[in-house]
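Visitor: Sending over a structure as structure tokens; questions will come in a sec.
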Number of protein chains: 2
Amino acid sequence: MKAATVYDVAAHAGVSIATVSRVLRRPDDVRASTRARVLSSVRELGYVPSASARSLAARRTGVLGLFFPSIDDEDDRAEAVFEQDTLARIVVDIPDTGEVRPPNLYFDEVLRGSEREAWRHGFALMVGVGRGSDPATMVNDIAGRVDGMAVLARSVPDDLLDHVSRRIPVVLIAGPRRGDDFDHVSVSNTEGMRALTEHLLDRHRVTAPVYVAGPSDSPDDAERYLGFRQALAAAGIDPDALPVLRGNFSRVDARAIAAELVTAGDLPRALVCGNDQMALGILDVLGPAGVRVPDDVIVTGFDGIEAGRLSSPRLTTVHQPMADLGRAAMRAMLSRLEHPDQPPITARLPVKVLLRESSEGAPGA
Amino acid sequence: MKAATVYDVAAHAGVSIATVSRVLRRPDDVRASTRARVLSSVRELGYVPSASARSLAARRTGVLGLFFPSIDDEDDRAEAVFEQDTLARIVVDIPDTGEVRPPNLYFDEVLRGSEREAWRHGFALMVGVGRGSDPATMVNDIAGRVDGMAVLARSVPDDLLDHVSRRIPVVLIAGPRRGDDFDHVSVSNTEGMRALTEHLLDRHRVTAPVYVAGPSDSPDDAERYLGFRQALAAAGIDPDALPVLRGNFSRVDARAIAAELVTAGDLPRALVCGNDQMALGILDVLGPAGVRVPDDVIVTGFDGIEAGRLSSPRLTTVHQPMADLGRAAMRAMLSRLEHPDQPPITARLPVKVLLRESSEGAPGA
DNA sequence: ATTGGGAATGTAAGCGCATACAGTAGACGT
DNA sequence: ACGTCTACTGTATGCGCTTACATTCCCAAT
């Protein structure tokens, strides 16, 4: 059952392969009667054009790429449950109080936005998730298949980016700019954190907020911390006089940090976290420890993930438009494809400060 | 800046294109010294092989496809925020009490699992989300680019499936089998719901649970309802004597249903919902209305989404392994690619009944 | 009936790579 | 020195499709 080709269809319909191709690509160039004949042959033969051949001939693939760094905790069961015609029935009692798998909303959202935007412009989307080993193979592989590629900050080494970008346009998502070579899409980390901090300073008279930082190599965190400092400086407070707690963006890690603060007994008036996960981790500890939020301690996050809306108290945070990030990345790429020589694009998406109970107290209060 | 090709590399390294190709595909067939020379040319020219050409010549693409029906609420702002070098600073007060966007965990998870499994076997993954208009174009397009394709139940009309499957193997995810033509991967909907229902009947002495159904054309819901009925029948209860409430799997819709029940004043002892979203919608209404869960009414869901673990009370539900669904689908496809003539695969993944507070009462109680 | 001209179709040349097959250079044996 | 292998490398073809260009149609206008 070899797959049918243009030749088969052409023969079957009694036309040349060019006509078959036209029927599929520019139907109006073909007389209605022949078109109908060809289409019926297509149907009859189960013909599906080979995108490989088409891309090769047309010099474009119609696919955009998206590359993520690996984040999902390598679930590496070699053999997934499968092949067993099992019907399950395992009843588990009141389980999983902790977090099972922090659903990686961030990537999911970016992906969704990307897919959507790519599709709107007639492109398919190919995703790659950088697994630990060697991104080179994968990135190269994807790069060979697409017309353009968006890459999450720091998921790909610079030299690889340079290499790949000689073939196709590359758009960087989040993180810092990389020289002036690439198009770049990010959110207003600094401005958002500054606005939030200013709010705490002005409205709540906080004088010595403590920043709970993410990994020291996170450019996003660096930008956020910068906003934090700017707000302090603008209020006449010396940022360097305040301690900074270093976390790793994870919830469990933040719990440890909070636990330490509680036992040490020196809780600041406000804990400003570099992301939501950490803020949630802190809430996990503070509540049970008898520390009231926000009465005793104000806690804020950054990202605007769903879980922060479901926590109690609900988390004050800065929401970044993750899906829009993906969309903007795709649009930047498409724009670059159309105008290869335009100057580098820099899109910076606005964020929203969401004031909720973890800083404001009961709703309506 | 035309992209480099094998020819360029060959010329630059002083070898033939065959050797260049060998260096990339079967390095051991080339003398170490020439290999090094070629590789350095590759680097110098920024050569990235064209997957289109390779796929065409090799007669396989190395890509697997995954097709979803459209679920995300068409966020159709024609122009996403973008291009404006805006720095945002908009402060919003205590917002969004309702749900902002039900994160579509289900697809996200299936996608994640698929990507993972595909990658493990050296394949890239291409995703397509069926947008309202006409799936044919998109499915055909994807089918032309991949070696095999997994499709979510009912996202593609039968004739299209038949057509496409003449070119590549197709695996169906979830839903009912389609004749005996396709490989099929699903979860134990019936068994899971039956186990859950039996638990309610046996352990909680519920005698007349009411089923809150999904859309009548949902095969998943049908399977679940069947399990519900089986449990009743096995307990000597006539399923047909009990009313069934019809929802559409959405949270808002379920709220309306619950509201009606509350005002009518005839709440059953237990509401068994076809999915988690609806169960959550019911919880949304019951709590504020003064109805105690589970003391007055037991509420259960199906799916095991994250939000059900974060609700209060936490939701008793049946967890289906969504990521594994994706993985299993990919494996089925790969298996089919290796053994085209093997009999149709049917994988049925086990589920887990998770008993939580919405049926059991306070933890530890 | 002729002719001009646009519309419809056919012809043929790649697109960039993999690979069967042919060729070439040493290495080794006699 | 010459034949024989073995290990590499080059030649040439085709994968299935698009598309510029050439050719043929068809019909209105003369």
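Residue numbering restarts at 1 for every chain of the structure tokens, chains are lettered A, B, ... in their displayed order, and ligands are numbered from 1 as they appear.
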With only C-alpha atoms (C1' of nucleotides) as the counted atoms, please give the residues lying no more than 12 Å from DG6 in chain C, apart from itself and same-chain residues fewer than 4 positions off, as JSON, numbers by chain.

Guide: {"D": [25, 26, 27, 28]}

Visitor: Output chain B as a short mmCIF file (atom, residue, chain, number, x, y, z; two decimals) with C-alpha atoms, in the first residue's frame, after least-squares fitting it to chain A on all in-order C-alpha pairs.

Guide:
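out-v6.cif, freshly written:
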data_model
loop_
_atom_site.label_atom_id
_atom_site.label_comp_id
_atom_site.auth_asym_id
_atom_site.auth_seq_id
_atom_site.Cartn_x
_atom_site.Cartn_y
_atom_site.Cartn_z
CA MET B 1 -0.14 0.09 0.55
CA LYS B 2 2.36 2.60 -0.67
CA ALA B 3 1.08 6.12 -0.30
CA ALA B 4 -0.25 7.71 -3.45
CA THR B 5 1.76 10.48 -5.10
CA VAL B 6 1.03 13.16 -7.63
CA TYR B 7 1.96 10.73 -10.32
CA ASP B 8 -0.66 8.26 -9.23
CA VAL B 9 -3.29 10.92 -9.10
CA ALA B 10 -2.24 12.34 -12.46
CA ALA B 11 -2.44 8.94 -14.12
CA HIS B 12 -5.75 8.16 -12.48
CA ALA B 13 -7.26 11.44 -13.58
CA GLY B 14 -5.65 11.43 -16.97
CA VAL B 15 -3.76 14.66 -16.56
CA SER B 16 -0.19 15.70 -15.95
CA ILE B 17 1.31 16.08 -12.52
CA ALA B 18 1.50 19.81 -13.03
CA THR B 19 -2.24 19.95 -13.24
CA VAL B 20 -2.63 17.94 -10.09
CA SER B 21 -0.33 20.30 -8.31
CA ARG B 22 -2.29 23.25 -9.63
CA VAL B 23 -5.57 21.85 -8.48
CA LEU B 24 -4.21 21.77 -4.98
CA ARG B 25 -2.33 25.06 -4.92
CA ARG B 26 -4.07 27.35 -7.36
CA PRO B 27 -7.43 25.86 -8.14
CA ASP B 28 -8.52 28.84 -10.19
CA ASP B 29 -5.92 28.16 -12.81
CA VAL B 30 -7.61 24.92 -13.70
CA ARG B 31 -10.82 24.40 -15.62
CA ALA B 32 -13.65 23.42 -13.32
CA SER B 33 -14.28 20.11 -15.02
CA THR B 34 -10.70 18.90 -14.81
CA ARG B 35 -10.46 20.16 -11.30
CA ALA B 36 -13.41 18.04 -10.29
CA ARG B 37 -11.93 15.02 -12.00
CA VAL B 38 -8.64 15.45 -10.22
CA LEU B 39 -10.25 15.98 -6.87
CA SER B 40 -12.24 12.85 -7.20
CA SER B 41 -9.08 10.95 -8.01
CA VAL B 42 -7.49 12.47 -4.96
CA ARG B 43 -10.29 11.19 -2.84
CA GLU B 44 -10.35 7.81 -4.44
CA LEU B 45 -6.65 7.22 -4.01
CA GLY B 46 -6.46 8.68 -0.55
CA TYR B 47 -3.86 11.09 -1.72
CA VAL B 48 -2.20 13.31 0.83
CA PRO B 49 0.58 15.48 -0.55
CA SER B 50 4.01 15.04 0.93
CA ALA B 51 4.98 18.14 2.79
CA SER B 52 8.62 17.18 2.52
CA ALA B 53 8.54 17.27 -1.24
CA ARG B 54 6.50 20.39 -1.28
CA SER B 55 8.72 22.19 1.16
CA LEU B 56 11.75 21.19 -0.78
CA ALA B 57 10.38 22.41 -4.06
CA ALA B 58 8.80 25.52 -2.66
CA ARG B 59 11.77 26.41 -0.49
CA ARG B 60 9.69 26.95 2.59
CA THR B 61 8.18 24.61 5.09
CA GLY B 62 5.20 26.48 6.44
CA VAL B 63 6.21 25.49 9.94
CA LEU B 64 7.36 27.58 12.84
CA GLY B 65 9.36 26.17 15.69
CA LEU B 66 9.26 26.68 19.41
CA PHE B 67 11.95 25.45 21.73
CA PHE B 68 11.64 25.14 25.49
CA PRO B 69 14.17 24.34 28.09
CA SER B 70 13.40 21.22 30.02
CA ILE B 71 11.36 21.95 33.07
CA ASP B 72 9.06 19.08 33.60
CA ASP B 73 10.56 16.91 36.21
CA GLU B 74 11.82 14.18 34.01
CA ASP B 75 9.24 11.57 34.53
CA ASP B 76 11.38 8.81 33.29
CA ARG B 77 9.58 5.62 33.78
CA ALA B 78 11.02 3.81 30.86
CA GLU B 79 7.84 1.91 30.26
CA ALA B 80 4.63 3.76 30.72
CA VAL B 81 1.60 1.81 31.75
CA PHE B 82 0.44 0.47 28.50
CA GLU B 83 -0.31 -2.55 26.48
CA GLN B 84 -1.99 -4.08 29.45
CA ASP B 85 -5.64 -4.22 28.70
CA THR B 86 -6.04 -3.39 32.32
CA LEU B 87 -9.18 -2.10 33.78
CA ALA B 88 -8.19 -0.29 36.85
CA ARG B 89 -10.04 -0.05 40.00
CA ILE B 90 -7.46 0.94 42.50
CA VAL B 91 -9.01 2.94 45.27
CA VAL B 92 -6.70 5.32 47.00
CA ASP B 93 -7.58 6.95 50.26
CA ILE B 94 -7.34 10.63 50.97
CA PRO B 95 -4.08 11.18 49.17
CA ASP B 96 -1.71 13.76 47.93
CA THR B 97 -1.74 16.65 50.31
CA GLY B 98 1.33 18.12 48.77
CA GLU B 99 1.67 19.14 45.21
CA VAL B 100 1.53 16.34 42.75
CA ARG B 101 3.01 17.98 39.73
CA PRO B 102 3.20 21.71 39.54
CA PRO B 103 1.43 22.16 36.28
CA ASN B 104 3.75 24.20 34.25
CA LEU B 105 1.35 26.84 33.30
CA TYR B 106 3.99 29.09 31.94
CA PHE B 107 5.07 26.90 29.07
CA ASP B 108 1.61 25.64 28.45
CA GLU B 109 0.41 29.16 27.99
CA VAL B 110 3.26 30.25 25.79
CA LEU B 111 2.72 27.18 23.71
CA ARG B 112 -0.95 27.78 23.38
CA GLY B 113 -0.46 31.35 22.32
CA SER B 114 2.19 30.38 19.83
CA GLU B 115 0.16 27.65 18.26
CA ARG B 116 -2.73 29.98 17.94
CA GLU B 117 -0.84 32.76 16.30
CA ALA B 118 1.09 30.49 13.99
CA TRP B 119 -2.09 28.90 12.84
CA ARG B 120 -3.75 32.20 12.17
CA HIS B 121 -1.06 32.89 9.66
CA GLY B 122 -1.22 29.54 8.02
CA PHE B 123 1.72 27.98 9.74
CA ALA B 124 1.96 24.79 11.70
CA LEU B 125 3.88 24.69 14.93
CA MET B 126 6.60 22.32 15.92
CA VAL B 127 7.61 22.10 19.54
CA GLY B 128 10.77 20.84 21.06
CA VAL B 129 11.56 20.50 24.72
CA GLY B 130 15.23 20.56 25.49
CA ARG B 131 16.04 17.49 27.46
CA GLY B 132 19.02 17.47 29.67
CA SER B 133 21.49 15.80 27.39
CA ASP B 134 22.44 17.82 24.39
CA PRO B 135 20.21 20.49 22.99
CA ALA B 136 22.34 20.84 19.89
CA THR B 137 20.95 17.80 18.16
CA MET B 138 17.42 18.73 18.83
CA VAL B 139 17.72 22.40 18.00
CA ASN B 140 19.48 21.61 14.77
CA ASP B 141 16.87 19.10 13.94
CA ILE B 142 14.07 21.51 14.46
CA ALA B 143 15.90 24.30 12.74
CA GLY B 144 16.10 22.14 9.66
CA ARG B 145 12.37 21.72 9.56
CA VAL B 146 11.05 25.18 10.08
CA ASP B 147 10.99 28.61 8.53
CA GLY B 148 11.70 30.30 11.80
CA MET B 149 12.20 29.42 15.40
CA ALA B 150 11.40 30.92 18.78
CA VAL B 151 13.56 29.97 21.70
CA LEU B 152 13.08 30.47 25.38
CA ALA B 153 15.80 32.45 26.98
CA ARG B 154 18.85 30.53 27.96
CA SER B 155 17.54 27.21 26.74
CA VAL B 156 20.10 27.22 23.96
CA PRO B 157 23.78 28.07 24.14
CA ASP B 158 24.84 31.15 22.26
CA ASP B 159 27.03 29.53 19.68
CA LEU B 160 24.27 27.18 18.72
CA LEU B 161 21.93 30.09 18.31
CA ASP B 162 24.41 31.82 16.08
CA HIS B 163 24.83 28.74 14.00
CA VAL B 164 21.17 28.11 13.55
CA SER B 165 20.36 31.72 12.87
CA ARG B 166 22.40 31.57 9.72
CA ARG B 167 19.70 29.42 8.25
CA ILE B 168 16.50 30.77 9.74
CA PRO B 169 15.35 33.74 11.77
CA VAL B 170 15.44 33.17 15.51
CA VAL B 171 13.35 34.97 18.09
CA LEU B 172 14.28 35.01 21.75
CA ILE B 173 11.54 34.80 24.34
CA ALA B 174 12.06 36.38 27.75
CA GLY B 175 15.42 36.83 29.33
CA PRO B 176 17.80 39.64 28.48
CA ARG B 177 18.55 40.78 24.98
CA ARG B 178 21.41 39.02 23.34
CA GLY B 179 23.46 41.70 21.77
CA ASP B 180 21.52 43.25 18.99
CA ASP B 181 21.40 40.24 16.76
CA PHE B 182 18.10 38.66 17.51
CA ASP B 183 14.51 39.68 17.66
CA HIS B 184 13.38 39.62 21.20
CA VAL B 185 10.11 39.37 23.07
CA SER B 186 9.70 39.76 26.79
CA VAL B 187 7.52 41.16 29.53
CA SER B 188 7.94 44.15 31.75
CA ASN B 189 9.47 42.32 34.66
CA THR B 190 11.18 45.32 36.11
CA GLU B 191 8.29 47.70 35.73
CA GLY B 192 5.85 45.21 37.18
CA MET B 193 7.88 44.45 40.23
CA ARG B 194 8.59 48.08 40.74
CA ALA B 195 4.90 48.95 40.61
CA LEU B 196 4.07 46.22 43.08
CA THR B 197 6.80 47.22 45.46
CA GLU B 198 5.83 50.85 45.28
CA HIS B 199 2.33 49.87 46.21
CA LEU B 200 3.57 48.08 49.30
CA LEU B 201 5.74 51.01 50.25
CA ASP B 202 3.15 53.70 49.68
CA ARG B 203 -0.09 52.09 50.60
CA HIS B 204 1.02 49.69 53.30
CA ARG B 205 3.84 51.70 54.79
CA VAL B 206 6.18 48.80 54.49
CA THR B 207 9.67 50.01 55.17
CA ALA B 208 11.85 46.94 54.96
CA PRO B 209 10.46 44.34 52.58
CA VAL B 210 12.58 41.28 52.00
CA TYR B 211 13.09 39.96 48.51
CA VAL B 212 12.93 36.21 47.95
CA ALA B 213 15.01 35.71 44.87
CA GLY B 214 15.10 32.95 42.29
CA PRO B 215 18.20 31.24 40.95
CA SER B 216 21.03 33.68 40.60
CA ASP B 217 21.37 32.89 36.93
CA SER B 218 17.79 33.74 36.12
CA PRO B 219 17.62 36.89 34.04
CA ASP B 220 13.92 37.18 34.77
CA ASP B 221 14.58 37.21 38.44
CA ALA B 222 17.34 39.71 37.97
CA GLU B 223 15.00 42.04 36.15
CA ARG B 224 12.41 41.71 38.86
CA TYR B 225 14.85 42.32 41.59
CA LEU B 226 15.96 45.41 39.78
CA GLY B 227 12.40 46.71 39.85
CA PHE B 228 12.26 45.97 43.54
CA ARG B 229 15.40 48.00 44.11
CA GLN B 230 14.22 50.86 41.96
CA ALA B 231 11.09 51.21 44.04
CA LEU B 232 13.07 51.21 47.25
CA ALA B 233 15.57 53.69 45.97
CA ALA B 234 12.80 55.96 44.76
CA ALA B 235 11.35 55.88 48.26
CA GLY B 236 14.64 56.80 49.77
CA ILE B 237 15.37 53.36 51.14
CA ASP B 238 18.76 51.83 50.61
CA PRO B 239 18.21 48.48 48.89
CA ASP B 240 21.58 47.19 49.95
CA ALA B 241 20.64 47.52 53.58
CA LEU B 242 17.99 44.85 53.17
CA PRO B 243 18.65 41.13 53.18
CA VAL B 244 17.80 38.98 50.20
CA LEU B 245 16.79 35.36 50.52
CA ARG B 246 17.86 33.09 47.74
CA GLY B 247 15.49 30.39 46.49
CA ASN B 248 15.34 28.43 43.30
CA PHE B 249 11.87 29.29 42.09
CA SER B 250 10.48 26.05 43.51
CA ARG B 251 7.75 25.64 46.03
CA VAL B 252 9.46 23.14 48.26
CA ASP B 253 12.55 25.21 48.45
CA ALA B 254 10.54 28.23 49.52
CA ARG B 255 8.95 26.18 52.26
CA ALA B 256 12.33 25.54 53.72
CA ILE B 257 13.16 29.20 53.58
CA ALA B 258 9.93 30.14 55.31
CA ALA B 259 10.38 27.48 57.95
CA GLU B 260 13.76 28.88 58.77
CA LEU B 261 12.38 32.37 59.11
CA VAL B 262 9.63 31.18 61.39
CA THR B 263 11.89 29.26 63.70
CA ALA B 264 14.41 32.07 63.76
CA GLY B 265 11.54 34.32 64.68
CA ASP B 266 12.54 37.23 62.53
CA LEU B 267 9.79 37.65 60.02
CA PRO B 268 9.84 40.81 57.94
CA ARG B 269 6.71 42.83 57.37
CA ALA B 270 6.64 41.76 53.74
CA LEU B 271 8.11 38.97 51.66
CA VAL B 272 8.33 39.87 48.01
CA CYS B 273 8.93 36.75 45.96
CA GLY B 274 10.47 36.42 42.54
CA ASN B 275 7.74 34.08 41.40
CA ASP B 276 4.41 32.62 42.47
CA GLN B 277 5.63 29.15 43.26
CA MET B 278 7.90 30.42 45.96
CA ALA B 279 5.21 32.69 47.36
CA LEU B 280 2.90 29.73 47.57
CA GLY B 281 5.54 27.69 49.30
CA ILE B 282 5.82 30.42 51.88
CA LEU B 283 2.09 30.52 52.38
CA ASP B 284 2.17 26.77 52.89
CA VAL B 285 4.34 27.27 55.93
CA LEU B 286 3.13 30.55 57.38
CA GLY B 287 -0.51 29.59 57.80
CA PRO B 288 0.03 26.42 59.80
CA ALA B 289 2.71 28.19 61.81
CA GLY B 290 0.16 30.67 63.06
CA VAL B 291 1.52 33.60 61.14
CA ARG B 292 -1.30 35.67 59.72
CA VAL B 293 -1.13 36.79 56.12
CA PRO B 294 -1.32 39.65 55.40
CA ASP B 295 -1.80 40.97 58.93
CA ASP B 296 1.54 39.81 60.22
CA VAL B 297 3.35 39.29 56.97
CA ILE B 298 2.51 40.37 53.47
CA VAL B 299 3.43 37.87 50.79
CA THR B 300 3.53 38.60 47.07
CA GLY B 301 4.46 36.60 44.01
CA PHE B 302 5.08 37.07 40.32
CA ASP B 303 3.64 35.35 37.27
CA GLY B 304 -0.07 35.14 37.93
CA ILE B 305 -0.40 31.39 37.76
CA GLU B 306 -3.72 29.76 38.39
CA ALA B 307 -2.71 28.23 41.69
CA GLY B 308 -2.21 31.69 43.12
CA ARG B 309 -5.83 32.43 42.51
CA LEU B 310 -6.90 29.30 44.30
CA SER B 311 -4.71 29.59 47.34
CA SER B 312 -5.89 30.98 50.63
CA PRO B 313 -5.28 33.71 51.06
CA ARG B 314 -5.28 34.38 47.36
CA LEU B 315 -1.95 35.60 46.22
CA THR B 316 -1.12 39.16 45.29
CA THR B 317 1.07 38.96 42.26
CA VAL B 318 2.10 40.44 38.97
CA HIS B 319 0.45 38.76 36.07
CA GLN B 320 2.41 38.37 32.91
CA PRO B 321 0.60 37.59 29.68
CA MET B 322 2.18 34.27 28.89
CA ALA B 323 0.04 33.34 25.95
CA ASP B 324 0.69 36.75 24.46
CA LEU B 325 4.37 36.13 24.79
CA GLY B 326 4.01 33.19 22.47
CA ARG B 327 1.87 35.12 20.10
CA ALA B 328 4.23 38.02 20.01
CA ALA B 329 7.13 35.70 19.33
CA MET B 330 5.40 34.19 16.37
CA ARG B 331 4.45 37.54 15.01
CA ALA B 332 7.96 38.79 15.33
CA MET B 333 9.16 35.80 13.37
CA LEU B 334 6.62 36.22 10.65
CA SER B 335 7.44 39.84 10.41
CA ARG B 336 11.08 38.99 10.06
CA LEU B 337 10.33 36.44 7.36
CA GLU B 338 8.55 39.09 5.37
CA HIS B 339 11.13 41.75 5.90
CA PRO B 340 14.44 40.04 6.45
CA ASP B 341 16.35 43.26 6.57
CA GLN B 342 14.35 45.26 9.03
CA PRO B 343 16.07 46.26 12.25
CA PRO B 344 15.85 43.90 15.24
CA ILE B 345 12.46 43.76 16.87
CA THR B 346 12.09 44.32 20.57
CA ALA B 347 8.67 43.69 22.01
CA ARG B 348 8.02 44.26 25.65
CA LEU B 349 4.61 43.14 26.84
CA PRO B 350 2.81 44.91 29.65
CA VAL B 351 2.03 43.15 32.92
CA LYS B 352 -0.68 43.63 35.50
CA VAL B 353 -0.33 43.94 39.21
CA LEU B 354 -3.05 41.90 40.85
CA LEU B 355 -3.77 42.93 44.40
CA ARG B 356 -5.36 40.13 46.35
CA GLU B 357 -5.72 38.98 49.92
CA SER B 358 -2.14 38.06 50.60
CA SER B 359 -1.39 41.77 50.70
CA GLU B 360 -4.72 43.53 51.03
CA GLY B 361 -6.58 41.50 53.61
CA ALA B 362 -10.13 40.25 53.27
CA PRO B 363 -11.86 41.15 50.01
CA GLY B 364 -13.66 44.44 50.29
CA ALA B 365 -11.75 45.28 53.40
#

Visitor: Select all residues from chain D having any atom no more than 12 Å from an atom of chain B (counting only C-alpha atoms (C1' of nucleotides), ignoring ligands), output as a PyMOL selection string.

Guide: chain D and resi 7-17

Visitor: C1' of DT30 in chain D to C1' of DA8 in chain C: how many Å, to one decimal?

Guide: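 Separating C1' of DT30 in chain D from C1' of DA8 in chain C is a distance of 24.3 Å.
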
Visitor: Could you check how far C1' of DA22 in chain D sits from C1' of DG10 in chain C, in Å to one decimal?

Guide: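 For C1' of DA22 in chain D relative to C1' of DG10 in chain C, the distance reads 8.3 Å.
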
Visitor: How would you write, as a VMD selection string, the set of residues in range 102-280 of chain B that DSSP gives as strand (DSSP E)?

Guide: chain B and resid 124 to 130 148 to 152 170 to 173 183 to 187 210 to 213 244 to 246 270 to 273

Visitor: Restrict the distance test to only C-alpha atoms (C1' of nucleotides), flag each residue of chain C within 9 Å of chain B, and return the flagged residues as an mmCIF file with C-alpha atoms (C1' of nucleotides), in the first residue's frame.

Guide:
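Writing done, so here's iface.cif:
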data_model
loop_
_atom_site.group_PDB
_atom_site.id
_atom_site.type_symbol
_atom_site.label_atom_id
_atom_site.label_comp_id
_atom_site.auth_asym_id
_atom_site.auth_seq_id
_atom_site.Cartn_x
_atom_site.Cartn_y
_atom_site.Cartn_z
ATOM 1 C "C1'" DC C 15 14.774 21.856 -4.681
ATOM 2 C "C1'" DG C 16 18.767 19.309 -1.055
ATOM 3 C "C1'" DC C 17 19.661 15.106 0.362
ATOM 4 C "C1'" DA C 18 20.416 9.622 0.822
ATOM 5 C "C1'" DT C 19 22.261 5.812 -1.119
#

Visitor: In Å, rounded to a single decimal, give me how far C1' of DT6 in chain D is from C1' of DA25 in chain C.

Guide: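 It comes out at 10.4 Å.
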
Visitor: Would you list, as a ChimeraX atom specification, the residues of range 103-239 of chain A that end up in helix (DSSP H, G or I) under DSSP run on this structure's backbone?

Guide: /A:105-120,135-143,158-164,189-204,219-234,239
